Amino acid sequence: MTKELHLAEHLEKSGIKVIETDLGDRIVQLAGCEAAHPTGPACHLTRHQISELFTKHFEKKVSDDPMELTRVMREEIASYISKAKVGITGANAIAACEGAVVIVHNEGNASKCAMLPDKHIIITTPEKVVPNLDEAVNVTKLQTYLSTGKIISSYINVITGPSYTADIEKQVYKGMHGPKEVVIIFVDDGRLEAADKEAQYCIGCGMCLLHCPTYNVIGPVFGTSGHMGGIGAYLEGSRGRIDEALKGGLFTCTSCGACVEVCPSRVDTKKGIISTRATAKKLKKRGTKEHESLIASVKNYDNPWQVPRRQKSKWSQGLRLKKKGAVLYFAGCSTSLLFPESAKRVVRVMRALGIEPAHLAQDERCCGSTVRKLGEELLAREKAESCFKDFKGAGAKTVVTSCPGCSSALNHYPELAKRYGVKVQHVSQFLDEHLDKSMCEPVKGFESVTFHDPCDLGRAQDLYEEPRRVLAKALGRAPIEMELSRTNSACCGSGSGVKSAYAGLAEAIGRDRIAMAKAAGAKVVVTSCPWCEQNLRECQGEAADVTVMDLVDVVERSLSETGVRRSGKRR
Ligand code: SF4
Ligand code: SF4
């Protein structure tokens, strides 16, 4: 909270010396940089860098031995605390029934700040208040476990008031061994009035940061002072502070949803960021010029790639696809324009399975996936509804998409699917239902294959096993797994307009993912999303040593091995 308020800077400007007492915070204070994690503020600095920093600060050589580093700083902080008039702490939880403030820490510094100066000021926020002490202790256990992996922290202070004694003539005298005065300041700052309070359930454990692809590349540039990463932008946005959310990197989130998966408080930061973007749009606050062009392109051309609509159906020329039918193939903008061969492949594979797909050709519209993530809610719904109308007009009962962004965007409106009587499936679901193992022969030369879960397929639609089952049929065995897979899968870096506006960030995230594939021993990464495929290929540059392929490509090769692709479904 003090960081959100920039309290230290304000006090220093008023001539009051402020010493951070947590070792990490003190290191960061001396380095003049941003903290890198809420509970490990200096985790981005090496012991050698800290040694150089301390040598300069203490004007004497301080070795890079961690014990030496902690000793010299402990002595300095202790000397400041012994002279301090005021100790300031936060609160991890406040028990309403008992009027007790609970503070958890491992270093012991918070106890000293609370006990040694004459006055203890607790600066906190209303959402820290829980009904009673039992609940407050539960909160602290959760924080400790998620922040440090320990069951319980080294210290838990429960403070209900100043230190006092009544040992002389049964009169109460305050300030015996501890402070005479304990003051609690609740900083609301728009919290109580916020219509969306979900961001306030954040307990500051920092788990989301460890899994956030954007944060792992750009660090605290993503987030706001005191609230790092996507939760910072969301917390600002939920309080109507859109300019602060924009400064905190509102549009650098890939909407991967990894943070939601690991959050102990189940804060849906992904949803919060999208709704903050929507608020930004309503207030006419613009994102990036690349995003504005992308949105204009969806409005004008029905695709985000700024190309005339008729180009989208070029891939289907010569395939003699009907425009009406019970099973409709929805290639989507990105597959159609970036990977036209993949679209043809889906048609060939469906035909090999004995299913003749229909296709809307140049009448196929944009599903609205990217614009919804960029905050254009109305436009996205309008696009989705137009698609459903077209599906019904084509007599479709099942719509198969190549891109999980399309199936996720269309299934975002279950009421539309119900109203128009259409089931939308991703191609991996469709193949999981229709591809029989007997039709497949293991593809030769594909020994080390892993599957990259697209965020729009896995976390957004809970489709983890379907593509793996299909791949296992085509390979004759299960793919190898990367350390981060399924619900914990890492993002490719491309989503939510990040590739369009921040190509360098997208590629850096993609390189991290390729490194994970290599670490798992994979030579081939199979995915089932054109955005992932594009970014995972491009991030490797010319010297790509990992092949990135589409799932349907592997399936077609497997069917070719048995001759099913040429002769049709084998019974
Ligand atoms: S949003 Fe969730 S995971 Fe992230 S710091 Fe807050 S409580 Fe922890
Ligand atoms: S959705 Fe992904 S990129 Fe966005 S804040 Fe969460 S983890 Fe980070």
# chains A, B, ... in the order shown; residues from 1 in each chain; ligands from 1
call {"tool": "residues_around", "arguments": {"residues": "Thr527 (chain A)", "least_positions_apart": "3", "cutoff": "7 Å", "atoms": "only C-alpha atoms", "output": "number ranges by chain"}}
result
A: 451-454, 533, 549-551
call {"tool": "write_last_selection", "arguments": {"atoms": "C-alpha atoms", "output": "PDB file, in the first residue's frame"}}
result
ATOM      1  CA  PHE A 451       2.085 -30.582 -28.047  1.00  0.00           C
ATOM      2  CA  HIS A 452       1.799 -26.881 -27.293  1.00  0.00           C
ATOM      3  CA  ASP A 453      -1.606 -26.056 -25.754  1.00  0.00           C
ATOM      4  CA  PRO A 454      -2.998 -22.883 -27.330  1.00  0.00           C
ATOM      5  CA  GLU A 533       2.026 -21.611 -35.181  1.00  0.00           C
ATOM      6  CA  MET A 549       3.459 -27.908 -37.219  1.00  0.00           C
ATOM      7  CA  ASP A 550      -0.282 -27.905 -37.214  1.00  0.00           C
ATOM      8  CA  LEU A 551      -2.119 -30.901 -35.750  1.00  0.00           C
TER       9      LEU A 551
END
call {"tool": "residues_around", "arguments": {"residues": "Leu23 (chain A)", "least_positions_apart": "3", "cutoff": "12 Å", "atoms": "only C-alpha atoms", "output": "ChimeraX atom specification"}}
result
/A:19-20,26-30,35,39-43,50,54,66,69-78,105-110
call {"tool": "residues_near_ligand", "arguments": {"ligand": "ligand 2", "cutoff": "7 Å", "atoms": "only C-alpha atoms and all ligand atoms", "output": "NGL selection string"}}
result
:A and (208 or 211-215 or 229-231 or 253-260 or 269-270)
call {"tool": "closest_atom_pairs", "arguments": {"of": "chain A", "to": "ligand 1", "cutoff": "9 Å", "atoms": "only C-alpha atoms and all ligand atoms", "output": "JSON lines"}}
result
{"residue": "A:Pro38", "atom": "CA", "partner": "ligand 1", "partner_atom_place_in_ligand_line": "5 (S)", "distance": 7.9}
{"residue": "A:Gln143", "atom": "CA", "partner": "ligand 1", "partner_atom_place_in_ligand_line": "8 (Fe)", "distance": 8.0}
{"residue": "A:Leu146", "atom": "CA", "partner": "ligand 1", "partner_atom_place_in_ligand_line": "8 (Fe)", "distance": 7.5}
{"residue": "A:Ser147", "atom": "CA", "partner": "ligand 1", "partner_atom_place_in_ligand_line": "8 (Fe)", "distance": 8.0}
{"residue": "A:Ala199", "atom": "CA", "partner": "ligand 1", "partner_atom_place_in_ligand_line": "1 (S)", "distance": 7.1}
{"residue": "A:Gln200", "atom": "CA", "partner": "ligand 1", "partner_atom_place_in_ligand_line": "6 (Fe)", "distance": 8.4}
{"residue": "A:Tyr201", "atom": "CA", "partner": "ligand 1", "partner_atom_place_in_ligand_line": "7 (S)", "distance": 6.7}
{"residue": "A:Cys202", "atom": "CA", "partner": "ligand 1", "partner_atom_place_in_ligand_line": "6 (Fe)", "distance": 3.6}
{"residue": "A:Ile203", "atom": "CA", "partner": "ligand 1", "partner_atom_place_in_ligand_line": "7 (S)", "distance": 4.3}
{"residue": "A:Gly204", "atom": "CA", "partner": "ligand 1", "partner_atom_place_in_ligand_line": "5 (S)", "distance": 3.8}
{"residue": "A:Cys205", "atom": "CA", "partner": "ligand 1", "partner_atom_place_in_ligand_line": "8 (Fe)", "distance": 3.9}
{"residue": "A:Gly206", "atom": "CA", "partner": "ligand 1", "partner_atom_place_in_ligand_line": "5 (S)", "distance": 3.9}
{"residue": "A:Met207", "atom": "CA", "partner": "ligand 1", "partner_atom_place_in_ligand_line": "3 (S)", "distance": 4.3}
{"residue": "A:Cys208", "atom": "CA", "partner": "ligand 1", "partner_atom_place_in_ligand_line": "3 (S)", "distance": 4.1}
{"residue": "A:Leu209", "atom": "CA", "partner": "ligand 1", "partner_atom_place_in_ligand_line": "4 (Fe)", "distance": 6.5}
{"residue": "A:Leu210", "atom": "CA", "partner": "ligand 1", "partner_atom_place_in_ligand_line": "3 (S)", "distance": 8.8}
{"residue": "A:His227", "atom": "CA", "partner": "ligand 1", "partner_atom_place_in_ligand_line": "5 (S)", "distance": 8.0}
{"residue": "A:Met228", "atom": "CA", "partner": "ligand 1", "partner_atom_place_in_ligand_line": "5 (S)", "distance": 8.0}
{"residue": "A:Gly229", "atom": "CA", "partner": "ligand 1", "partner_atom_place_in_ligand_line": "4 (Fe)", "distance": 8.1}
{"residue": "A:Gly230", "atom": "CA", "partner": "ligand 1", "partner_atom_place_in_ligand_line": "1 (S)", "distance": 8.0}
{"residue": "A:Ile231", "atom": "CA", "partner": "ligand 1", "partner_atom_place_in_ligand_line": "1 (S)", "distance": 5.4}
{"residue": "A:Gly232", "atom": "CA", "partner": "ligand 1", "partner_atom_place_in_ligand_line": "1 (S)", "distance": 8.6}
{"residue": "A:Cys259", "atom": "CA", "partner": "ligand 1", "partner_atom_place_in_ligand_line": "3 (S)", "distance": 6.3}
{"residue": "A:Val260", "atom": "CA", "partner": "ligand 1", "partner_atom_place_in_ligand_line": "2 (Fe)", "distance": 7.3}
{"residue": "A:Glu261", "atom": "CA", "partner": "ligand 1", "partner_atom_place_in_ligand_line": "3 (S)", "distance": 8.6}
{"residue": "A:Val262", "atom": "CA", "partner": "ligand 1", "partner_atom_place_in_ligand_line": "3 (S)", "distance": 6.0}
{"residue": "A:Cys263", "atom": "CA", "partner": "ligand 1", "partner_atom_place_in_ligand_line": "3 (S)", "distance": 3.7}
{"residue": "A:Pro264", "atom": "CA", "partner": "ligand 1", "partner_atom_place_in_ligand_line": "2 (Fe)", "distance": 5.7}
{"residue": "A:Ser265", "atom": "CA", "partner": "ligand 1", "partner_atom_place_in_ligand_line": "7 (S)", "distance": 5.2}
{"residue": "A:Arg266", "atom": "CA", "partner": "ligand 1", "partner_atom_place_in_ligand_line": "2 (Fe)", "distance": 6.4}
{"residue": "A:Val267", "atom": "CA", "partner": "ligand 1", "partner_atom_place_in_ligand_line": "2 (Fe)", "distance": 5.6}
{"residue": "A:Asp268", "atom": "CA", "partner": "ligand 1", "partner_atom_place_in_ligand_line": "1 (S)", "distance": 7.8}
{"residue": "A:Thr269", "atom": "CA", "partner": "ligand 1", "partner_atom_place_in_ligand_line": "1 (S)", "distance": 6.7}
call {"tool": "residues_around", "arguments": {"residues": "Leu379 (chain A)", "least_positions_apart": "2", "cutoff": "9 Å", "atoms": "only C-alpha atoms", "output": "tab-separated table (two decimals) with N, CA and C atoms, in the first residue's frame"}}
result
chain	number	residue	atom	x	y	z
A	295	ILE	N	-8.68	-3.19	-35.39
A	295	ILE	CA	-10.13	-3.09	-35.16
A	295	ILE	C	-10.82	-2.53	-36.41
A	298	VAL	N	-11.17	-5.22	-38.96
A	298	VAL	CA	-12.27	-6.15	-38.69
A	298	VAL	C	-13.61	-5.52	-39.08
A	299	LYS	N	-13.73	-4.21	-38.78
A	299	LYS	CA	-14.98	-3.51	-39.15
A	299	LYS	C	-15.14	-3.46	-40.67
A	368	GLY	N	-14.70	-12.26	-34.48
A	368	GLY	CA	-14.64	-11.19	-33.47
A	368	GLY	C	-13.74	-11.49	-32.29
A	371	VAL	N	-11.00	-8.67	-31.48
A	371	VAL	CA	-11.56	-7.36	-31.08
A	371	VAL	C	-12.22	-7.46	-29.70
A	372	ARG	N	-12.77	-8.63	-29.36
A	372	ARG	CA	-13.36	-8.76	-28.02
A	372	ARG	C	-12.27	-8.63	-26.96
A	376	GLU	N	-13.51	-4.40	-27.57
A	376	GLU	CA	-14.62	-4.01	-28.45
A	376	GLU	C	-15.76	-5.01	-28.30
A	377	GLU	N	-16.42	-4.95	-27.16
A	377	GLU	CA	-17.45	-5.94	-26.84
A	377	GLU	C	-18.59	-5.95	-27.85
A	381	ARG	N	-19.61	-9.00	-30.40
A	381	ARG	CA	-20.90	-9.71	-30.36
A	381	ARG	C	-21.63	-9.61	-31.70
A	382	GLU	N	-21.52	-8.42	-32.30
A	382	GLU	CA	-22.16	-8.21	-33.61
A	382	GLU	C	-21.56	-9.19	-34.63
A	383	LYS	N	-20.23	-9.34	-34.60
A	383	LYS	CA	-19.57	-10.26	-35.55
A	383	LYS	C	-20.00	-11.70	-35.28
A	384	ALA	N	-20.02	-12.08	-34.00
A	384	ALA	CA	-20.39	-13.45	-33.66
A	384	ALA	C	-21.83	-13.73	-34.11
call {"tool": "residues_around", "arguments": {"residues": "Arg365 (chain A)", "least_positions_apart": "6", "cutoff": "12 Å", "atoms": "only C-alpha atoms", "output": "PyMOL selection string"}}
result
chain A and resi 297-304+308-310+312-313+330-334+336+359+380+382-391+406+410
call {"tool": "select_by_dssp", "arguments": {"residues": "region 329-398 of chain A", "states": "alpha helix (DSSP H)", "output": "ChimeraX atom specification"}}
result
/A:333-338,340-352,369-373,377-393
call {"tool": "atom_distance", "arguments": {"atom1": "CA of Ile88 (chain A)", "atom2": "CA of Gly226 (chain A)"}}
result
15.7 Å
call {"tool": "residues_around", "arguments": {"residues": "Thr124 (chain A)", "least_positions_apart": "6", "cutoff": "10 Å", "atoms": "only C-alpha atoms", "output": "list of chain:residue names"}}
result
A:Met1, A:Thr2, A:Thr89, A:Gly90, A:Ala91, A:Asn92, A:Ala93, A:Ile94, A:Val101, A:Ile184, A:Ile185, A:Phe186, A:Val187, A:Asp188
call {"tool": "write_last_selection", "arguments": {"atoms": "C-alpha atoms", "output": "tab-separated table (two decimals), in the first residue's frame"}}
result
chain	number	residue	atom	x	y	z
A	1	MET	CA	0.00	0.00	0.00
A	2	THR	CA	2.80	2.41	0.84
A	89	THR	CA	3.88	-1.45	8.58
A	90	GLY	CA	1.07	-2.79	6.47
A	91	ALA	CA	-1.41	-5.43	7.58
A	92	ASN	CA	-1.91	-8.83	6.03
A	93	ALA	CA	-5.37	-9.19	7.51
A	94	ILE	CA	-7.56	-7.42	10.06
A	101	VAL	CA	-4.26	-6.57	13.03
A	184	ILE	CA	-4.52	2.39	11.67
A	185	ILE	CA	-5.01	4.29	8.43
A	186	PHE	CA	-7.41	2.75	5.96
A	187	VAL	CA	-6.76	3.97	2.45
A	188	ASP	CA	-9.84	3.51	0.31
call {"tool": "residues_around", "arguments": {"residues": "Cys403 (chain A)", "least_positions_apart": "4", "cutoff": "12 Å", "atoms": "only C-alpha atoms", "output": "compact mmCIF listing (two decimals) with all heavy atoms, in the first residue's frame"}}
result
# COMPACT_ATOMS: atom_id res chain seq x y z
N TYR A 329 -17.25 -25.85 -42.60
CA TYR A 329 -15.88 -25.57 -42.17
C TYR A 329 -15.69 -24.05 -42.13
O TYR A 329 -15.87 -23.36 -43.12
CB TYR A 329 -14.87 -26.21 -43.13
CG TYR A 329 -13.44 -25.82 -42.84
CD1 TYR A 329 -12.93 -25.84 -41.54
CD2 TYR A 329 -12.59 -25.40 -43.87
CE1 TYR A 329 -11.63 -25.46 -41.27
CE2 TYR A 329 -11.28 -25.02 -43.60
CZ TYR A 329 -10.81 -25.04 -42.30
OH TYR A 329 -9.53 -24.65 -42.02
N PHE A 330 -15.31 -23.56 -40.95
CA PHE A 330 -15.06 -22.13 -40.75
C PHE A 330 -13.54 -21.98 -40.61
O PHE A 330 -12.98 -22.23 -39.56
CB PHE A 330 -15.79 -21.67 -39.47
CG PHE A 330 -15.73 -20.20 -39.20
CD1 PHE A 330 -16.69 -19.34 -39.74
CD2 PHE A 330 -14.75 -19.65 -38.39
CE1 PHE A 330 -16.66 -17.97 -39.49
CE2 PHE A 330 -14.70 -18.28 -38.13
CZ PHE A 330 -15.67 -17.44 -38.68
N ALA A 331 -12.89 -21.61 -41.70
CA ALA A 331 -11.42 -21.58 -41.69
C ALA A 331 -10.88 -20.47 -40.78
O ALA A 331 -9.84 -20.62 -40.14
CB ALA A 331 -10.90 -21.39 -43.11
N GLY A 332 -11.60 -19.34 -40.71
CA GLY A 332 -11.15 -18.22 -39.89
C GLY A 332 -10.15 -17.37 -40.64
O GLY A 332 -9.50 -17.81 -41.61
N CYS A 333 -10.01 -16.13 -40.19
CA CYS A 333 -9.17 -15.16 -40.91
C CYS A 333 -7.70 -15.59 -40.95
O CYS A 333 -7.04 -15.50 -41.99
CB CYS A 333 -9.24 -13.79 -40.24
SG CYS A 333 -10.91 -13.22 -39.94
N SER A 334 -7.17 -16.03 -39.81
CA SER A 334 -5.72 -16.27 -39.74
C SER A 334 -5.31 -17.51 -40.49
O SER A 334 -4.32 -17.50 -41.22
CB SER A 334 -5.28 -16.34 -38.28
OG SER A 334 -5.63 -15.13 -37.67
N THR A 335 -6.09 -18.60 -40.36
CA THR A 335 -5.74 -19.80 -41.13
C THR A 335 -5.87 -19.49 -42.62
O THR A 335 -4.99 -19.84 -43.42
CB THR A 335 -6.65 -20.98 -40.73
OG1 THR A 335 -6.49 -21.19 -39.33
CG2 THR A 335 -6.28 -22.25 -41.48
N SER A 336 -6.95 -18.80 -43.01
CA SER A 336 -7.18 -18.51 -44.43
C SER A 336 -6.05 -17.68 -45.02
O SER A 336 -5.61 -17.93 -46.14
CB SER A 336 -8.48 -17.72 -44.61
OG SER A 336 -9.55 -18.46 -44.13
N LEU A 338 -2.92 -16.70 -43.38
CA LEU A 338 -1.52 -17.01 -43.04
C LEU A 338 -1.13 -18.43 -43.46
O LEU A 338 0.00 -18.67 -43.85
CB LEU A 338 -1.29 -16.90 -41.52
CG LEU A 338 -1.57 -15.56 -40.86
CD1 LEU A 338 -1.34 -15.67 -39.36
CD2 LEU A 338 -0.65 -14.50 -41.43
N PHE A 339 -2.08 -19.35 -43.33
CA PHE A 339 -1.77 -20.76 -43.61
C PHE A 339 -2.83 -21.37 -44.54
O PHE A 339 -3.55 -22.29 -44.15
CB PHE A 339 -1.70 -21.56 -42.31
CG PHE A 339 -0.61 -21.09 -41.37
CD1 PHE A 339 -0.93 -20.32 -40.26
CD2 PHE A 339 0.71 -21.40 -41.62
CE1 PHE A 339 0.07 -19.87 -39.41
CE2 PHE A 339 1.72 -20.96 -40.77
CZ PHE A 339 1.39 -20.18 -39.67
N SER A 342 -3.07 -25.05 -44.71
CA SER A 342 -3.71 -25.73 -43.57
C SER A 342 -5.20 -25.84 -43.78
O SER A 342 -5.82 -26.84 -43.42
CB SER A 342 -3.44 -24.97 -42.26
OG SER A 342 -2.08 -24.97 -41.99
N ALA A 343 -5.79 -24.77 -44.35
CA ALA A 343 -7.24 -24.80 -44.60
C ALA A 343 -7.56 -25.91 -45.61
O ALA A 343 -8.49 -26.69 -45.42
CB ALA A 343 -7.70 -23.44 -45.11
N VAL A 346 -7.48 -29.30 -43.97
CA VAL A 346 -8.66 -29.67 -43.17
C VAL A 346 -9.73 -30.25 -44.09
O VAL A 346 -10.33 -31.29 -43.79
CB VAL A 346 -9.22 -28.44 -42.40
CG1 VAL A 346 -10.54 -28.80 -41.71
CG2 VAL A 346 -8.21 -27.97 -41.37
N CYS A 366 -15.54 -12.42 -39.89
CA CYS A 366 -14.61 -12.56 -38.75
C CYS A 366 -15.44 -12.96 -37.53
O CYS A 366 -16.55 -12.48 -37.34
CB CYS A 366 -13.92 -11.22 -38.50
SG CYS A 366 -12.85 -11.22 -37.05
N CYS A 367 -14.89 -13.84 -36.69
CA CYS A 367 -15.62 -14.30 -35.50
C CYS A 367 -15.63 -13.23 -34.40
O CYS A 367 -16.41 -13.30 -33.46
CB CYS A 367 -14.98 -15.57 -34.96
SG CYS A 367 -13.31 -15.29 -34.32
N SER A 369 -12.97 -12.58 -32.36
CA SER A 369 -12.15 -12.99 -31.21
C SER A 369 -11.19 -11.89 -30.74
O SER A 369 -11.19 -11.50 -29.58
CB SER A 369 -11.35 -14.25 -31.61
OG SER A 369 -10.35 -14.51 -30.68
N THR A 370 -10.38 -11.39 -31.67
CA THR A 370 -9.34 -10.43 -31.25
C THR A 370 -9.95 -9.12 -30.78
O THR A 370 -9.50 -8.54 -29.79
CB THR A 370 -8.35 -10.19 -32.41
OG1 THR A 370 -7.96 -11.44 -32.91
CG2 THR A 370 -7.13 -9.44 -31.95
N VAL A 399 -20.36 -26.57 -36.86
CA VAL A 399 -19.37 -25.71 -37.48
C VAL A 399 -18.01 -26.10 -36.92
O VAL A 399 -17.84 -26.18 -35.70
CB VAL A 399 -19.68 -24.22 -37.19
CG1 VAL A 399 -18.53 -23.32 -37.64
CG2 VAL A 399 -20.97 -23.80 -37.89
N SER A 407 -13.44 -20.74 -32.26
CA SER A 407 -14.43 -21.55 -31.52
C SER A 407 -14.66 -20.97 -30.14
O SER A 407 -15.79 -20.93 -29.64
CB SER A 407 -13.99 -23.02 -31.44
OG SER A 407 -12.69 -23.14 -30.92
N SER A 408 -13.59 -20.44 -29.52
CA SER A 408 -13.74 -19.85 -28.20
C SER A 408 -14.60 -18.59 -28.29
O SER A 408 -15.50 -18.36 -27.46
CB SER A 408 -12.35 -19.52 -27.65
OG SER A 408 -12.44 -18.76 -26.51
N ALA A 409 -14.35 -17.75 -29.32
CA ALA A 409 -15.12 -16.50 -29.45
C ALA A 409 -16.59 -16.79 -29.72
O ALA A 409 -17.48 -16.16 -29.14
CB ALA A 409 -14.54 -15.65 -30.59
N LEU A 410 -16.87 -17.78 -30.60
CA LEU A 410 -18.27 -18.07 -30.94
C LEU A 410 -18.97 -18.75 -29.76
O LEU A 410 -20.13 -18.46 -29.48
CB LEU A 410 -18.32 -18.95 -32.20
CG LEU A 410 -17.80 -18.25 -33.47
CD1 LEU A 410 -17.59 -19.24 -34.60
CD2 LEU A 410 -18.76 -17.14 -33.92
N VAL A 424 -20.59 -25.38 -32.31
CA VAL A 424 -19.29 -24.96 -32.84
C VAL A 424 -18.20 -25.80 -32.19
O VAL A 424 -18.12 -25.89 -30.96
CB VAL A 424 -19.03 -23.45 -32.56
CG1 VAL A 424 -17.67 -23.03 -33.10
CG2 VAL A 424 -20.13 -22.60 -33.19
N GLN A 425 -17.37 -26.41 -33.01
CA GLN A 425 -16.29 -27.27 -32.50
C GLN A 425 -14.95 -26.83 -33.07
O GLN A 425 -14.88 -26.44 -34.24
CB GLN A 425 -16.49 -28.72 -32.95
CG GLN A 425 -17.61 -29.45 -32.26
CD GLN A 425 -17.55 -30.93 -32.59
OE1 GLN A 425 -17.36 -31.31 -33.73
NE2 GLN A 425 -17.71 -31.78 -31.58
N HIS A 426 -13.93 -26.97 -32.27
CA HIS A 426 -12.58 -26.81 -32.81
C HIS A 426 -12.24 -28.10 -33.57
O HIS A 426 -12.73 -29.19 -33.24
CB HIS A 426 -11.58 -26.57 -31.68
CG HIS A 426 -10.19 -26.39 -32.18
ND1 HIS A 426 -9.22 -27.35 -32.01
CD2 HIS A 426 -9.60 -25.38 -32.87
CE1 HIS A 426 -8.09 -26.93 -32.56
NE2 HIS A 426 -8.29 -25.74 -33.09
N VAL A 427 -11.38 -27.99 -34.57
CA VAL A 427 -11.07 -29.15 -35.40
C VAL A 427 -10.51 -30.32 -34.58
O VAL A 427 -10.72 -31.49 -34.91
CB VAL A 427 -10.12 -28.73 -36.56
CG1 VAL A 427 -8.74 -28.35 -36.04
CG2 VAL A 427 -10.02 -29.81 -37.61
N SER A 428 -9.83 -30.03 -33.46
CA SER A 428 -9.29 -31.12 -32.64
C SER A 428 -10.42 -31.93 -32.00
O SER A 428 -10.32 -33.15 -31.85
CB SER A 428 -8.34 -30.58 -31.57
OG SER A 428 -9.03 -29.73 -30.69
N GLN A 429 -11.51 -31.24 -31.62
CA GLN A 429 -12.68 -31.94 -31.07
C GLN A 429 -13.33 -32.80 -32.15
O GLN A 429 -13.70 -33.94 -31.92
CB GLN A 429 -13.74 -30.93 -30.63
CG GLN A 429 -13.58 -30.35 -29.26
CD GLN A 429 -14.64 -29.27 -29.06
OE1 GLN A 429 -14.61 -28.24 -29.71
NE2 GLN A 429 -15.54 -29.50 -28.14
N PRO A 454 -2.64 -24.30 -27.11
CA PRO A 454 -3.00 -22.88 -27.33
C PRO A 454 -3.90 -22.42 -26.17
O PRO A 454 -4.75 -23.18 -25.72
CB PRO A 454 -3.79 -22.92 -28.65
CG PRO A 454 -3.42 -24.23 -29.30
CD PRO A 454 -3.16 -25.18 -28.16
N CYS A 455 -3.68 -21.21 -25.69
CA CYS A 455 -4.45 -20.73 -24.53
C CYS A 455 -5.95 -20.71 -24.84
O CYS A 455 -6.77 -21.00 -23.97
CB CYS A 455 -3.99 -19.33 -24.12
SG CYS A 455 -2.24 -19.26 -23.77
N ASP A 456 -6.30 -20.38 -26.10
CA ASP A 456 -7.72 -20.32 -26.46
C ASP A 456 -8.34 -21.71 -26.57
O ASP A 456 -9.56 -21.84 -26.63
CB ASP A 456 -7.89 -19.60 -27.82
CG ASP A 456 -8.09 -18.10 -27.61
OD1 ASP A 456 -8.64 -17.71 -26.57
OD2 ASP A 456 -7.67 -17.33 -28.50
N LEU A 457 -7.52 -22.74 -26.64
CA LEU A 457 -8.04 -24.10 -26.74
C LEU A 457 -8.10 -24.73 -25.35
O LEU A 457 -9.13 -25.26 -24.94
CB LEU A 457 -7.13 -24.94 -27.65
CG LEU A 457 -7.64 -26.34 -27.98
CD1 LEU A 457 -8.88 -26.26 -28.85
CD2 LEU A 457 -6.57 -27.16 -28.70
N THR A 527 0.96 -27.82 -32.72
CA THR A 527 -0.05 -27.01 -32.06
C THR A 527 -1.30 -27.02 -32.92
O THR A 527 -1.34 -27.70 -33.94
CB THR A 527 0.50 -25.59 -31.77
OG1 THR A 527 -0.45 -24.91 -30.95
CG2 THR A 527 0.75 -24.80 -33.04
N SER A 528 -2.31 -26.30 -32.49
CA SER A 528 -3.56 -26.34 -33.26
C SER A 528 -4.18 -24.96 -33.26
O SER A 528 -5.38 -24.79 -32.99
CB SER A 528 -4.49 -27.39 -32.65
OG SER A 528 -5.43 -27.79 -33.62
N CYS A 529 -3.35 -23.97 -33.57
CA CYS A 529 -3.79 -22.57 -33.60
C CYS A 529 -2.88 -21.82 -34.56
O CYS A 529 -1.66 -21.89 -34.43
CB CYS A 529 -3.67 -21.99 -32.19
SG CYS A 529 -3.87 -20.20 -32.15
N PRO A 530 -3.45 -21.11 -35.53
CA PRO A 530 -2.58 -20.41 -36.49
C PRO A 530 -1.75 -19.31 -35.85
O PRO A 530 -0.63 -19.04 -36.29
CB PRO A 530 -3.58 -19.83 -37.50
CG PRO A 530 -4.89 -19.79 -36.79
CD PRO A 530 -4.88 -20.93 -35.83
N TRP A 531 -2.26 -18.69 -34.78
CA TRP A 531 -1.50 -17.61 -34.12
C TRP A 531 -0.28 -18.20 -33.43
O TRP A 531 0.83 -17.65 -33.53
CB TRP A 531 -2.38 -16.89 -33.09
CG TRP A 531 -3.57 -16.18 -33.67
CD1 TRP A 531 -4.77 -16.73 -33.97
CD2 TRP A 531 -3.65 -14.80 -34.02
NE1 TRP A 531 -5.61 -15.77 -34.48
CE2 TRP A 531 -4.96 -14.57 -34.51
CE3 TRP A 531 -2.78 -13.72 -33.95
CZ2 TRP A 531 -5.40 -13.34 -34.94
CZ3 TRP A 531 -3.22 -12.47 -34.37
CH2 TRP A 531 -4.51 -12.29 -34.86
N CYS A 532 -0.48 -19.31 -32.73
CA CYS A 532 0.65 -19.96 -32.04
C CYS A 532 1.67 -20.42 -33.09
O CYS A 532 2.87 -20.23 -32.93
CB CYS A 532 0.20 -21.18 -31.24
SG CYS A 532 -0.93 -20.82 -29.90
N GLU A 533 1.14 -21.06 -34.15
CA GLU A 533 2.03 -21.61 -35.18
C GLU A 533 2.88 -20.49 -35.78
O GLU A 533 4.10 -20.63 -35.92
CB GLU A 533 1.18 -22.28 -36.27
CG GLU A 533 1.99 -23.11 -37.23
CD GLU A 533 1.12 -23.80 -38.29
OE1 GLU A 533 -0.12 -23.84 -38.13
OE2 GLU A 533 1.70 -24.30 -39.27
N ASP A 550 1.12 -27.88 -37.60
CA ASP A 550 -0.28 -27.91 -37.21
C ASP A 550 -0.73 -29.36 -37.01
O ASP A 550 -0.28 -30.27 -37.73
CB ASP A 550 -1.09 -27.23 -38.33
CG ASP A 550 -2.57 -27.26 -38.04
OD1 ASP A 550 -2.95 -26.82 -36.94
OD2 ASP A 550 -3.35 -27.72 -38.88
N LEU A 551 -1.62 -29.56 -36.07
CA LEU A 551 -2.12 -30.90 -35.75
C LEU A 551 -2.68 -31.61 -36.99
O LEU A 551 -2.42 -32.80 -37.21
CB LEU A 551 -3.22 -30.76 -34.68
CG LEU A 551 -3.93 -32.02 -34.24
CD1 LEU A 551 -3.00 -32.94 -33.46
CD2 LEU A 551 -5.14 -31.69 -33.37
N VAL A 552 -3.42 -30.86 -37.81
CA VAL A 552 -4.07 -31.49 -38.97
C VAL A 552 -3.02 -31.95 -39.98
O VAL A 552 -3.21 -32.94 -40.69
CB VAL A 552 -5.11 -30.53 -39.59
CG1 VAL A 552 -5.84 -31.19 -40.75
CG2 VAL A 552 -6.12 -30.09 -38.54
